[in-house]
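Heads up, run11.cif below (mmCIF, C-alpha atoms):
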```
data_query
#
loop_
_atom_site.group_PDB
_atom_site.id
_atom_site.type_symbol
_atom_site.label_atom_id
_atom_site.label_comp_id
_atom_site.auth_asym_id
_atom_site.auth_seq_id
_atom_site.Cartn_x
_atom_site.Cartn_y
_atom_site.Cartn_z
ATOM 1 C CA MET A 1 105.041 170.791 235.037
ATOM 2 C CA LEU A 2 107.927 168.339 235.295
ATOM 3 C CA LYS A 3 107.521 164.674 236.221
ATOM 4 C CA ILE A 4 110.352 162.634 237.715
ATOM 5 C CA GLY A 5 109.018 159.114 237.761
ATOM 6 C CA ASN A 6 105.643 159.499 239.460
ATOM 7 C CA VAL A 7 106.643 162.720 241.271
ATOM 8 C CA LYS A 8 105.128 165.947 239.967
ATOM 9 C CA ILE A 9 107.286 169.083 240.189
ATOM 10 C CA LYS A 10 104.885 171.985 239.834
ATOM 11 C CA LYS A 11 107.253 174.941 240.313
ATOM 12 C CA PRO A 12 110.374 175.781 238.290
ATOM 13 C CA VAL A 13 113.187 175.929 240.867
ATOM 14 C CA ILE A 14 114.901 172.800 242.154
ATOM 15 C CA VAL A 15 117.127 173.435 245.165
ATOM 16 C CA ALA A 16 120.495 171.693 244.877
ATOM 17 C CA PRO A 17 121.915 169.558 247.681
ATOM 18 C CA LEU A 18 124.620 171.490 249.545
ATOM 19 C CA ALA A 19 126.797 169.662 252.064
ATOM 20 C CA GLY A 20 126.483 171.154 255.526
ATOM 21 C CA ILE A 21 123.656 173.459 254.461
ATOM 22 C CA SER A 22 120.689 171.511 253.025
ATOM 23 C CA ASN A 23 119.352 170.431 256.387
ATOM 24 C CA ASP A 24 115.761 170.298 257.642
ATOM 25 C CA THR A 25 115.680 174.042 258.337
ATOM 26 C CA TYR A 26 117.052 175.074 254.941
ATOM 27 C CA ARG A 27 114.746 172.748 253.014
ATOM 28 C CA LYS A 28 111.663 174.024 254.829
ATOM 29 C CA LEU A 29 112.733 177.620 254.215
ATOM 30 C CA CYS A 30 113.153 177.021 250.483
ATOM 31 C CA LEU A 31 109.775 175.295 250.242
ATOM 32 C CA GLU A 32 108.151 178.237 252.014
ATOM 33 C CA PHE A 33 109.675 180.500 249.366
ATOM 34 C CA GLY A 34 108.156 178.375 246.601
ATOM 35 C CA ALA A 35 110.752 175.795 245.564
ATOM 36 C CA GLY A 36 109.462 173.031 243.295
ATOM 37 C CA LEU A 37 111.764 170.374 244.778
ATOM 38 C CA VAL A 38 114.259 170.423 247.647
ATOM 39 C CA CYS A 39 117.237 168.091 247.986
ATOM 40 C CA GLY A 40 118.923 167.007 251.193
ATOM 41 C CA GLU A 41 122.673 167.147 251.730
ATOM 42 C CA MET A 42 124.444 164.000 250.581
ATOM 43 C CA ILE A 43 124.664 161.134 253.054
ATOM 44 C CA SER A 44 127.072 158.199 253.050
ATOM 45 C CA ASP A 45 125.522 154.859 252.110
ATOM 46 C CA LYS A 46 127.252 153.167 255.047
ATOM 47 C CA ALA A 47 126.125 155.855 257.491
ATOM 48 C CA ILE A 48 122.535 155.300 256.373
ATOM 49 C CA TYR A 49 122.735 151.533 256.648
ATOM 50 C CA TYR A 50 124.219 151.585 260.159
ATOM 51 C CA GLN A 51 121.980 154.504 261.157
ATOM 52 C CA ASN A 52 124.158 156.332 263.653
ATOM 53 C CA LYS A 53 122.466 159.050 265.686
ATOM 54 C CA LYS A 54 123.613 161.947 263.493
ATOM 55 C CA THR A 55 122.507 160.168 260.337
ATOM 56 C CA LEU A 56 119.068 159.368 261.739
ATOM 57 C CA ALA A 57 118.509 163.097 262.229
ATOM 58 C CA MET A 58 119.497 163.716 258.604
ATOM 59 C CA LEU A 59 116.869 161.219 257.468
ATOM 60 C CA ASP A 60 113.996 163.330 258.771
ATOM 61 C CA PHE A 61 112.199 164.593 255.659
ATOM 62 C CA SER A 62 108.744 164.869 257.229
ATOM 63 C CA ASN A 63 106.600 167.586 255.646
ATOM 64 C CA HIS A 64 109.218 168.223 252.936
ATOM 65 C CA HIS A 65 107.436 167.550 249.675
ATOM 66 C CA PRO A 66 108.478 167.181 246.985
ATOM 67 C CA SER A 67 111.923 166.223 248.277
ATOM 68 C CA SER A 68 114.953 164.215 247.244
ATOM 69 C CA LEU A 69 117.448 162.389 249.460
ATOM 70 C CA GLN A 70 120.949 162.046 248.057
ATOM 71 C CA ILE A 71 123.330 159.188 248.845
ATOM 72 C CA PHE A 72 126.955 158.574 247.918
ATOM 73 C CA GLY A 73 129.153 155.507 247.913
ATOM 74 C CA SER A 74 131.244 153.282 245.666
ATOM 75 C CA ASP A 75 130.029 149.760 246.430
ATOM 76 C CA PRO A 76 126.904 148.424 244.677
ATOM 77 C CA LYS A 77 125.935 146.231 247.636
ATOM 78 C CA THR A 78 126.154 148.924 250.322
ATOM 79 C CA MET A 79 124.450 151.464 248.063
ATOM 80 C CA ALA A 80 121.575 149.016 247.569
ATOM 81 C CA ASN A 81 121.417 148.467 251.335
ATOM 82 C CA ALA A 82 121.138 152.224 251.840
ATOM 83 C CA ALA A 83 118.381 152.404 249.223
ATOM 84 C CA ARG A 84 116.362 149.822 251.158
ATOM 85 C CA VAL A 85 116.567 152.004 254.254
ATOM 86 C CA VAL A 86 115.558 155.078 252.255
ATOM 87 C CA ASN A 87 112.397 153.244 251.162
ATOM 88 C CA ASP A 88 111.054 153.977 254.649
ATOM 89 C CA VAL A 89 112.120 157.641 254.656
ATOM 90 C CA ASP A 90 109.419 160.235 253.996
ATOM 91 C CA CYS A 91 111.062 161.628 250.854
ATOM 92 C CA ASP A 92 109.892 161.356 247.248
ATOM 93 C CA ILE A 93 113.056 160.743 245.215
ATOM 94 C CA LEU A 94 116.372 158.958 245.779
ATOM 95 C CA ASP A 95 119.372 160.635 244.157
ATOM 96 C CA ILE A 96 122.830 159.138 243.592
ATOM 97 C CA ASN A 97 125.764 161.531 243.846
ATOM 98 C CA MET A 98 128.260 161.203 240.990
ATOM 99 C CA GLY A 99 129.381 164.804 241.077
ATOM 100 C CA CYS A 100 130.887 165.710 244.451
ATOM 101 C CA PRO A 101 134.430 167.003 243.780
ATOM 102 C CA VAL A 102 135.859 167.156 247.318
ATOM 103 C CA ASN A 103 138.906 165.018 248.056
ATOM 104 C CA LYS A 104 137.550 163.136 251.075
ATOM 105 C CA VAL A 105 134.713 161.781 248.910
ATOM 106 C CA ILE A 106 136.867 161.199 245.829
ATOM 107 C CA LYS A 107 139.357 159.154 247.877
ATOM 108 C CA THR A 108 136.595 156.654 248.698
ATOM 109 C CA GLY A 109 135.845 156.172 244.994
ATOM 110 C CA ALA A 110 132.499 157.942 245.335
ATOM 111 C CA GLY A 111 131.121 161.234 244.015
ATOM 112 C CA ALA A 112 132.748 162.436 240.796
ATOM 113 C CA ALA A 113 135.285 159.591 241.020
ATOM 114 C CA LEU A 114 132.550 157.286 239.703
ATOM 115 C CA MET A 115 132.716 159.102 236.366
ATOM 116 C CA LYS A 116 136.128 157.490 235.837
ATOM 117 C CA ASP A 117 134.527 154.027 235.974
ATOM 118 C CA GLU A 118 131.304 153.992 233.971
ATOM 119 C CA ASP A 119 130.777 150.262 234.457
ATOM 120 C CA LEU A 120 130.857 150.648 238.244
ATOM 121 C CA ALA A 121 128.625 153.725 238.090
ATOM 122 C CA VAL A 122 126.058 151.814 236.048
ATOM 123 C CA LYS A 123 126.267 148.736 238.295
ATOM 124 C CA ILE A 124 125.644 150.846 241.409
ATOM 125 C CA THR A 125 122.684 152.504 239.737
ATOM 126 C CA GLU A 126 121.207 149.191 238.600
ATOM 127 C CA GLU A 127 121.414 147.724 242.100
ATOM 128 C CA VAL A 128 119.830 150.814 243.650
ATOM 129 C CA ILE A 129 116.985 150.852 241.108
ATOM 130 C CA LYS A 130 116.280 147.164 241.737
ATOM 131 C CA VAL A 131 115.455 147.757 245.391
ATOM 132 C CA SER A 132 114.236 151.364 245.466
ATOM 133 C CA LYS A 133 110.517 152.071 245.777
ATOM 134 C CA LYS A 134 111.192 155.678 244.797
ATOM 135 C CA PRO A 135 112.269 157.184 241.452
ATOM 136 C CA VAL A 136 116.066 157.165 241.212
ATOM 137 C CA THR A 137 117.965 160.132 239.795
ATOM 138 C CA VAL A 138 121.663 160.881 239.347
ATOM 139 C CA LYS A 139 123.568 164.143 239.781
ATOM 140 C CA MET A 140 126.843 164.270 237.869
ATOM 141 C CA ARG A 141 129.462 166.578 236.397
ATOM 142 C CA LEU A 142 130.755 166.908 232.837
ATOM 143 C CA GLY A 143 133.543 164.468 233.606
ATOM 144 C CA TYR A 144 136.529 164.002 235.869
ATOM 145 C CA ASP A 145 138.654 166.544 234.007
ATOM 146 C CA SER A 146 138.638 168.551 230.781
ATOM 147 C CA LYS A 147 140.176 165.668 228.801
ATOM 148 C CA HIS A 148 137.483 163.194 229.869
ATOM 149 C CA LEU A 149 134.072 164.811 229.435
ATOM 150 C CA ASN A 150 132.071 161.575 229.374
ATOM 151 C CA TYR A 151 128.764 162.871 230.761
ATOM 152 C CA LEU A 152 126.823 161.990 227.603
ATOM 153 C CA SER A 153 128.142 158.434 227.414
ATOM 154 C CA LEU A 154 127.439 157.775 231.093
ATOM 155 C CA ALA A 155 124.035 159.480 231.059
ATOM 156 C CA LYS A 156 122.845 157.338 228.124
ATOM 157 C CA LYS A 157 123.864 154.183 229.990
ATOM 158 C CA LEU A 158 122.077 155.360 233.133
ATOM 159 C CA GLU A 159 118.958 156.180 231.135
ATOM 160 C CA ALA A 160 119.060 152.669 229.663
ATOM 161 C CA VAL A 161 119.009 151.020 233.118
ATOM 162 C CA GLY A 162 116.048 153.064 234.325
ATOM 163 C CA VAL A 163 117.185 156.338 235.883
ATOM 164 C CA SER A 164 114.270 158.789 236.053
ATOM 165 C CA ALA A 165 116.252 162.024 235.565
ATOM 166 C CA ILE A 166 119.794 163.361 235.307
ATOM 167 C CA ALA A 167 121.021 166.557 236.960
ATOM 168 C CA LEU A 168 124.156 167.906 235.291
ATOM 169 C CA HIS A 169 126.480 170.422 236.920
ATOM 170 C CA ALA A 170 128.220 172.022 233.955
ATOM 171 C CA ARG A 171 131.783 171.804 235.264
ATOM 172 C CA SER A 172 134.304 168.976 235.435
ATOM 173 C CA ARG A 173 135.516 167.635 238.749
ATOM 174 C CA SER A 174 138.922 169.250 238.254
ATOM 175 C CA GLN A 175 137.269 172.672 237.967
ATOM 176 C CA MET A 176 135.729 172.272 241.422
ATOM 177 C CA TYR A 177 133.614 175.469 241.610
ATOM 178 C CA GLU A 178 136.004 177.670 239.645
ATOM 179 C CA GLY A 179 135.588 179.093 236.170
ATOM 180 C CA GLN A 180 132.290 179.385 234.348
ATOM 181 C CA ALA A 181 129.733 176.606 234.010
ATOM 182 C CA ASN A 182 129.440 175.538 230.360
ATOM 183 C CA TRP A 183 125.743 175.285 229.596
ATOM 184 C CA GLU A 184 126.351 174.141 226.016
ATOM 185 C CA HIS A 185 126.934 170.675 227.453
ATOM 186 C CA ILE A 186 123.596 170.778 229.276
ATOM 187 C CA LYS A 187 121.896 171.611 225.964
ATOM 188 C CA ILE A 188 123.660 168.660 224.330
ATOM 189 C CA LEU A 189 122.529 166.286 227.070
ATOM 190 C CA HIS A 190 118.975 167.613 226.865
ATOM 191 C CA GLU A 191 118.903 166.979 223.115
ATOM 192 C CA ASN A 192 120.122 163.400 223.509
ATOM 193 C CA LEU A 193 118.057 162.015 226.399
ATOM 194 C CA LYS A 194 114.372 161.179 226.678
ATOM 195 C CA ILE A 195 114.305 161.460 230.474
ATOM 196 C CA PRO A 196 114.296 164.896 232.157
ATOM 197 C CA VAL A 197 117.576 166.788 232.249
ATOM 198 C CA ILE A 198 118.101 169.233 235.125
ATOM 199 C CA GLY A 199 120.670 171.969 234.529
ATOM 200 C CA ASN A 200 122.900 173.250 237.323
ATOM 201 C CA GLY A 201 125.672 175.811 237.591
ATOM 202 C CA ASP A 202 126.015 179.591 238.027
ATOM 203 C CA ILE A 203 122.319 180.453 238.280
ATOM 204 C CA LYS A 204 122.477 183.482 240.556
ATOM 205 C CA THR A 205 119.947 185.930 239.090
ATOM 206 C CA LEU A 206 116.646 185.970 237.242
ATOM 207 C CA THR A 207 118.574 186.848 234.066
ATOM 208 C CA ASP A 208 120.685 183.693 234.468
ATOM 209 C CA TYR A 209 117.499 181.677 234.804
ATOM 210 C CA ILE A 210 115.904 183.246 231.722
ATOM 211 C CA ASN A 211 119.056 182.694 229.674
ATOM 212 C CA HIS A 212 119.186 178.970 230.446
ATOM 213 C CA LYS A 213 115.674 177.755 231.245
ATOM 214 C CA ASP A 214 115.154 176.442 227.712
ATOM 215 C CA ASP A 215 118.435 174.497 227.759
ATOM 216 C CA CYS A 216 116.936 171.781 229.961
ATOM 217 C CA ASP A 217 113.731 170.539 231.583
ATOM 218 C CA ALA A 218 114.334 172.215 234.952
ATOM 219 C CA ILE A 219 116.817 174.507 236.637
ATOM 220 C CA MET A 220 118.668 173.505 239.798
ATOM 221 C CA ILE A 221 120.132 176.286 241.945
ATOM 222 C CA GLY A 222 122.717 175.779 244.674
ATOM 223 C CA ARG A 223 125.033 178.546 245.872
ATOM 224 C CA GLY A 224 122.884 181.180 244.141
ATOM 225 C CA LEU A 225 120.229 180.723 246.847
ATOM 226 C CA LEU A 226 122.548 181.206 249.811
ATOM 227 C CA GLY A 227 121.203 184.239 251.624
ATOM 228 C CA ASN A 228 118.839 184.759 248.713
ATOM 229 C CA PRO A 229 115.820 182.428 248.855
ATOM 230 C CA PHE A 230 114.011 185.467 247.414
ATOM 231 C CA LEU A 231 115.334 184.412 243.997
ATOM 232 C CA ILE A 232 112.865 181.511 244.106
ATOM 233 C CA GLN A 233 110.006 183.975 244.537
ATOM 234 C CA GLU A 234 111.358 186.177 241.765
ATOM 235 C CA ILE A 235 111.522 183.277 239.312
ATOM 236 C CA ASN A 236 108.027 182.105 240.252
ATOM 237 C CA ALA A 237 106.708 185.646 239.716
ATOM 238 C CA TYR A 238 108.394 185.789 236.316
ATOM 239 C CA GLU A 239 106.837 182.500 235.221
ATOM 240 C CA LYS A 240 103.400 183.676 236.355
ATOM 241 C CA LYS A 241 103.953 187.077 234.702
ATOM 242 C CA LYS A 242 103.495 188.807 238.034
ATOM 243 C CA GLU A 243 105.318 191.829 239.409
ATOM 244 C CA PHE A 244 108.142 191.159 241.841
ATOM 245 C CA LYS A 245 108.977 193.881 244.329
ATOM 246 C CA VAL A 246 112.577 194.539 245.307
ATOM 247 C CA ILE A 247 113.329 192.942 248.676
ATOM 248 C CA SER A 248 114.059 195.465 251.427
ATOM 249 C CA TYR A 249 116.969 195.069 253.803
ATOM 250 C CA GLN A 250 114.421 194.765 256.627
ATOM 251 C CA GLU A 251 112.938 191.697 254.955
ATOM 252 C CA LYS A 252 116.392 190.188 254.434
ATOM 253 C CA PHE A 253 117.202 190.673 258.110
ATOM 254 C CA LYS A 254 113.869 189.137 259.119
ATOM 255 C CA VAL A 255 114.533 185.984 257.080
ATOM 256 C CA LEU A 256 118.115 185.745 258.353
ATOM 257 C CA LEU A 257 116.838 185.820 261.930
ATOM 258 C CA LYS A 258 114.183 183.226 261.138
ATOM 259 C CA HIS A 259 116.719 180.945 259.426
ATOM 260 C CA THR A 260 119.031 181.212 262.438
ATOM 261 C CA TYR A 261 116.265 180.704 265.007
ATOM 262 C CA GLN A 262 114.944 177.584 263.261
ATOM 263 C CA LEU A 263 118.459 176.176 262.920
ATOM 264 C CA ILE A 264 118.994 176.710 266.658
ATOM 265 C CA LYS A 265 115.824 174.714 267.333
ATOM 266 C CA LEU A 266 117.191 171.942 265.132
ATOM 267 C CA LYS A 267 120.821 171.797 266.253
ATOM 268 C CA GLY A 268 121.195 173.894 269.384
ATOM 269 C CA GLU A 269 122.602 177.405 269.586
ATOM 270 C CA ASP A 270 126.300 176.540 269.668
ATOM 271 C CA VAL A 271 126.270 174.459 266.482
ATOM 272 C CA ALA A 272 123.730 176.643 264.694
ATOM 273 C CA ILE A 273 125.624 179.876 265.321
ATOM 274 C CA LYS A 274 128.854 178.312 264.059
ATOM 275 C CA GLU A 275 127.088 177.266 260.844
ATOM 276 C CA MET A 276 125.379 180.640 260.416
ATOM 277 C CA ARG A 277 128.732 182.413 260.651
ATOM 278 C CA GLY A 278 129.277 181.118 257.133
ATOM 279 C CA ILE A 279 125.732 181.379 255.809
ATOM 280 C CA GLY A 280 124.559 184.595 257.462
ATOM 281 C CA PRO A 281 126.852 187.053 255.642
ATOM 282 C CA HIS A 282 125.295 186.020 252.307
ATOM 283 C CA TYR A 283 122.033 187.686 253.368
ATOM 284 C CA LEU A 284 123.865 191.023 253.354
ATOM 285 C CA ASN A 285 125.124 190.760 249.760
ATOM 286 C CA GLY A 286 124.501 193.948 247.816
ATOM 287 C CA LEU A 287 123.731 196.123 250.834
ATOM 288 C CA TYR A 288 125.578 199.375 251.452
ATOM 289 C CA ASN A 289 128.870 198.998 253.350
ATOM 290 C CA SER A 290 127.992 195.399 254.164
ATOM 291 C CA SER A 291 131.575 194.174 254.639
ATOM 292 C CA VAL A 292 131.778 195.602 258.173
ATOM 293 C CA TYR A 293 128.623 193.785 259.279
ATOM 294 C CA LYS A 294 129.442 190.594 257.397
ATOM 295 C CA THR A 295 132.635 190.420 259.424
ATOM 296 C CA LYS A 296 130.698 190.892 262.642
ATOM 297 C CA ILE A 297 128.293 188.077 261.729
ATOM 298 C CA ALA A 298 131.226 185.829 260.806
ATOM 299 C CA HIS A 299 132.508 186.221 264.368
ATOM 300 C CA MET A 300 129.228 186.225 266.316
ATOM 301 C CA ASN A 301 128.718 183.904 269.272
ATOM 302 C CA SER A 302 124.969 183.957 269.945
ATOM 303 C CA TYR A 303 121.527 184.634 268.505
ATOM 304 C CA LYS A 304 121.283 187.669 270.781
ATOM 305 C CA GLU A 305 124.467 189.039 269.279
ATOM 306 C CA LEU A 306 123.127 188.515 265.753
ATOM 307 C CA LYS A 307 120.013 190.495 266.637
ATOM 308 C CA GLU A 308 122.172 193.299 268.020
ATOM 309 C CA ILE A 309 124.351 193.356 264.889
ATOM 310 C CA LEU A 310 121.315 193.557 262.603
ATOM 311 C CA LYS A 311 119.687 196.250 264.749
ATOM 312 C CA GLU A 312 122.855 198.320 264.537
ATOM 313 C CA TYR A 313 123.082 197.786 260.779
ATOM 314 C CA GLU A 314 119.407 198.635 260.287
ATOM 315 C CA GLU A 315 119.878 201.927 262.124
ATOM 316 C CA TYR A 316 122.971 202.637 260.025
ATOM 317 C CA LEU A 317 121.143 201.934 256.757
ATOM 318 C CA GLY A 318 118.153 203.981 257.900
ATOM 319 C CA ASP A 319 120.412 207.003 258.288
ATOM 320 C CA LYS A 320 121.556 206.568 254.671
ATOM 321 C CA GLN A 321 118.030 206.784 253.228
#
```
The structure given in the file should be rewritten as structure tokens.
Amino acid sequence: MLKIGNVKIKKPVIVAPLAGISNDTYRKLCLEFGAGLVCGEMISDKAIYYQNKKTLAMLDFSNHHPSSLQIFGSDPKTMANAARVVNDVDCDILDINMGCPVNKVIKTGAGAALMKDEDLAVKITEEVIKVSKKPVTVKMRLGYDSKHLNYLSLAKKLEAVGVSAIALHARSRSQMYEGQANWEHIKILHENLKIPVIGNGDIKTLTDYINHKDDCDAIMIGRGLLGNPFLIQEINAYEKKKEFKVISYQEKFKVLLKHTYQLIKLKGEDVAIKEMRGIGPHYLNGLYNSSVYKTKIAHMNSYKELKEILKEYEEYLGDKQ
């Protein structure tokens, strides 16, 4: 069992925050599949402080436990202000994003850009810790680019000011999501910190998990769970030395429909269907001749249409048995 501050994480998989995906519906789904901790998509410190309507909806973490809310920003004062607001949110952990590689975040000096200014990164963290009633964690990358891999230096400074855990994505900012995650750096960080180290990057199968679970205190999975929350169950079964049955295509379709239906309840059909055009095809990974039906899902316009596509595909797969 892992402890982050006073929060007990009783199951091995931590679900990474994914922008545009880690909403209320996705977090609940992952918890139902046995996640040990779920993280919300990153939210701007200023958006939290001024609490616009969209942001208020993103702050709903009710019945999501254990859970972590992630904030990003580049100003110590506004980050501290956001942390005060988060004190009243029903989440368990407050996470600071120092790893987001996308340009619109980098241009504000936030996300992975903070790794270029360790003093500012530490100052922000200190101010957040001062006011937060929740354990504070940080998610970072190896560095801004391959010539400046300063994760160890920064992590030691963050540990010294009271961070409760560090999550390390084993790529630099310049790599974005390309190339292979270098887990040797996660091992190095784990060996040099006393606080928990959470490893992240390229965990897509049970074999990946087994190969890296001893490199850190916990494994965080992001893109590897898209369309495959079943991986959480598989890892839990492995840890409990229980048999895990191969997931049928019928079960995958059932969960896809449930995911879509719950997202429609949260956001309305128009928005939910647009989002599921990107997420839905992942549920079909590995199935026979899936490309045809992935394309159909990527262009669907309604929940009814999704049901029709899956019914057609189910009949097609049934004929191949």
Shell of 10 Å around Val86 (chain A), all atoms listed in the file, local chain residues under 5 positions omitted, as a list in words: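 In the requested format, the answer is Asp45, Ile48, Tyr49, Leu59, Leu69, Gln70, Ile71, Ala80, Asn81, Cys91, Asp92, Ile93, Leu94, Ser132, Lys133 and Lys134 of chain A.
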Tyr26 (chain A) environment, 9 Å, all atoms listed in the file, sequence neighbours closer than 6 positions dropped, as a PyMOL selection string: chain A and resi 259+262-263
Evaluate the PyMOL selection byres ((chain A and resi 115) around 9) and report residues as a ChimeraX atom specification: /A:98-99,111-114,116-118,120-121,140-144,150-151,154
Output of the PyMOL selection byres ((chain A and resi 77) around 10), listed as number ranges by chain: A: 45, 73-76, 78-83, 123-124, 127-128
Print the selection's residues with C-alpha atoms to a file, as a PDB file, keeping the file's coordinate frame.
```pdb
ATOM      1  CA  ASP A  45     125.522 154.859 252.110  1.00  0.00           C
ATOM      2  CA  GLY A  73     129.153 155.507 247.913  1.00  0.00           C
ATOM      3  CA  SER A  74     131.244 153.282 245.666  1.00  0.00           C
ATOM      4  CA  ASP A  75     130.029 149.760 246.430  1.00  0.00           C
ATOM      5  CA  PRO A  76     126.904 148.424 244.677  1.00  0.00           C
ATOM      6  CA  THR A  78     126.154 148.924 250.322  1.00  0.00           C
ATOM      7  CA  MET A  79     124.450 151.464 248.063  1.00  0.00           C
ATOM      8  CA  ALA A  80     121.575 149.016 247.569  1.00  0.00           C
ATOM      9  CA  ASN A  81     121.417 148.467 251.335  1.00  0.00           C
ATOM     10  CA  ALA A  82     121.138 152.224 251.840  1.00  0.00           C
ATOM     11  CA  ALA A  83     118.381 152.404 249.223  1.00  0.00           C
ATOM     12  CA  LYS A 123     126.267 148.736 238.295  1.00  0.00           C
ATOM     13  CA  ILE A 124     125.644 150.846 241.409  1.00  0.00           C
ATOM     14  CA  GLU A 127     121.414 147.724 242.100  1.00  0.00           C
ATOM     15  CA  VAL A 128     119.830 150.814 243.650  1.00  0.00           C
TER      16      VAL A 128
END
```
Proximity to Leu31 (chain A) - best of A:Pro281, A:Val105, A:Gln233, A:Ala19, only C-alpha atoms: A:Gln233
Coordinates-based distance that separates CA of Ser164 (chain A) from CA of Gly199 (chain A) (Å, one decimal): 14.7 Å
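The residues caught by the PyMOL selection byres ((chain A and resi 307-321) around 9) in this file are Tyr249, Gln250, Phe253, Leu257, Leu287, Tyr288, Asn289, Ser290, Tyr293, Lys296, Ile297, Met300, Ser302, Tyr303, Lys304, Glu305 and Leu306 of chain A.
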Local residues around (125.3, 167.3, 228.3), at most 12 Å away, using all atoms listed in the file, as a count of residues only: 39
Closest of A:Asn236, A:Ser174, A:Gln51, A:Asn228 to Leu256 (chain A) - atom-to-atom distances counting only C-alpha atoms: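 When distances to Leu256 (chain A) are compared using only C-alpha atoms, the smallest one comes from A:Asn228.
Residues in contact range of Glu269 (chain A), defined as at most 9 Å between all atoms listed in the file, with sequence neighbours fewer than 4 positions away removed, read Thr260, Tyr261, Leu263, Ile264, Lys265, Ile273, Lys274, Asn301, Ser302 and Tyr303 of chain A.
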Of the listed residues A:Asn103, A:Ser68, A:Thr125, A:Ser62, that which approaches Asp90 (chain A) most closely, counting only C-alpha atoms: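 Using only C-alpha atoms, Asp90 (chain A) sits closest to A:Ser62.
The space separating CA of His148 (chain A) from CA of Gln175 (chain A) comes to 12.5 Å.
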Coordinates-based distance that separates CA of Lys28 (chain A) from CA of Ile9 (chain A) (Å, one decimal): 16.1 Å
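Distances from A:Ser22, A:Ile195, A:Gly109, A:Lys241 to Val138 (chain A) were compared using only C-alpha atoms, and the smallest one belongs to A:Ile195.
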Residue with smallest distance to Pro66 (chain A) - pool A:Asn52, A:Asn6, A:Asn87, A:Thr108, counting only C-alpha atoms: A:Asn6
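When only C-alpha atoms are used to compute distances to Val38 (chain A), the closest of the residues A:Gly222, A:Arg84, A:Met276, A:Lys194 turns out to be A:Gly222.
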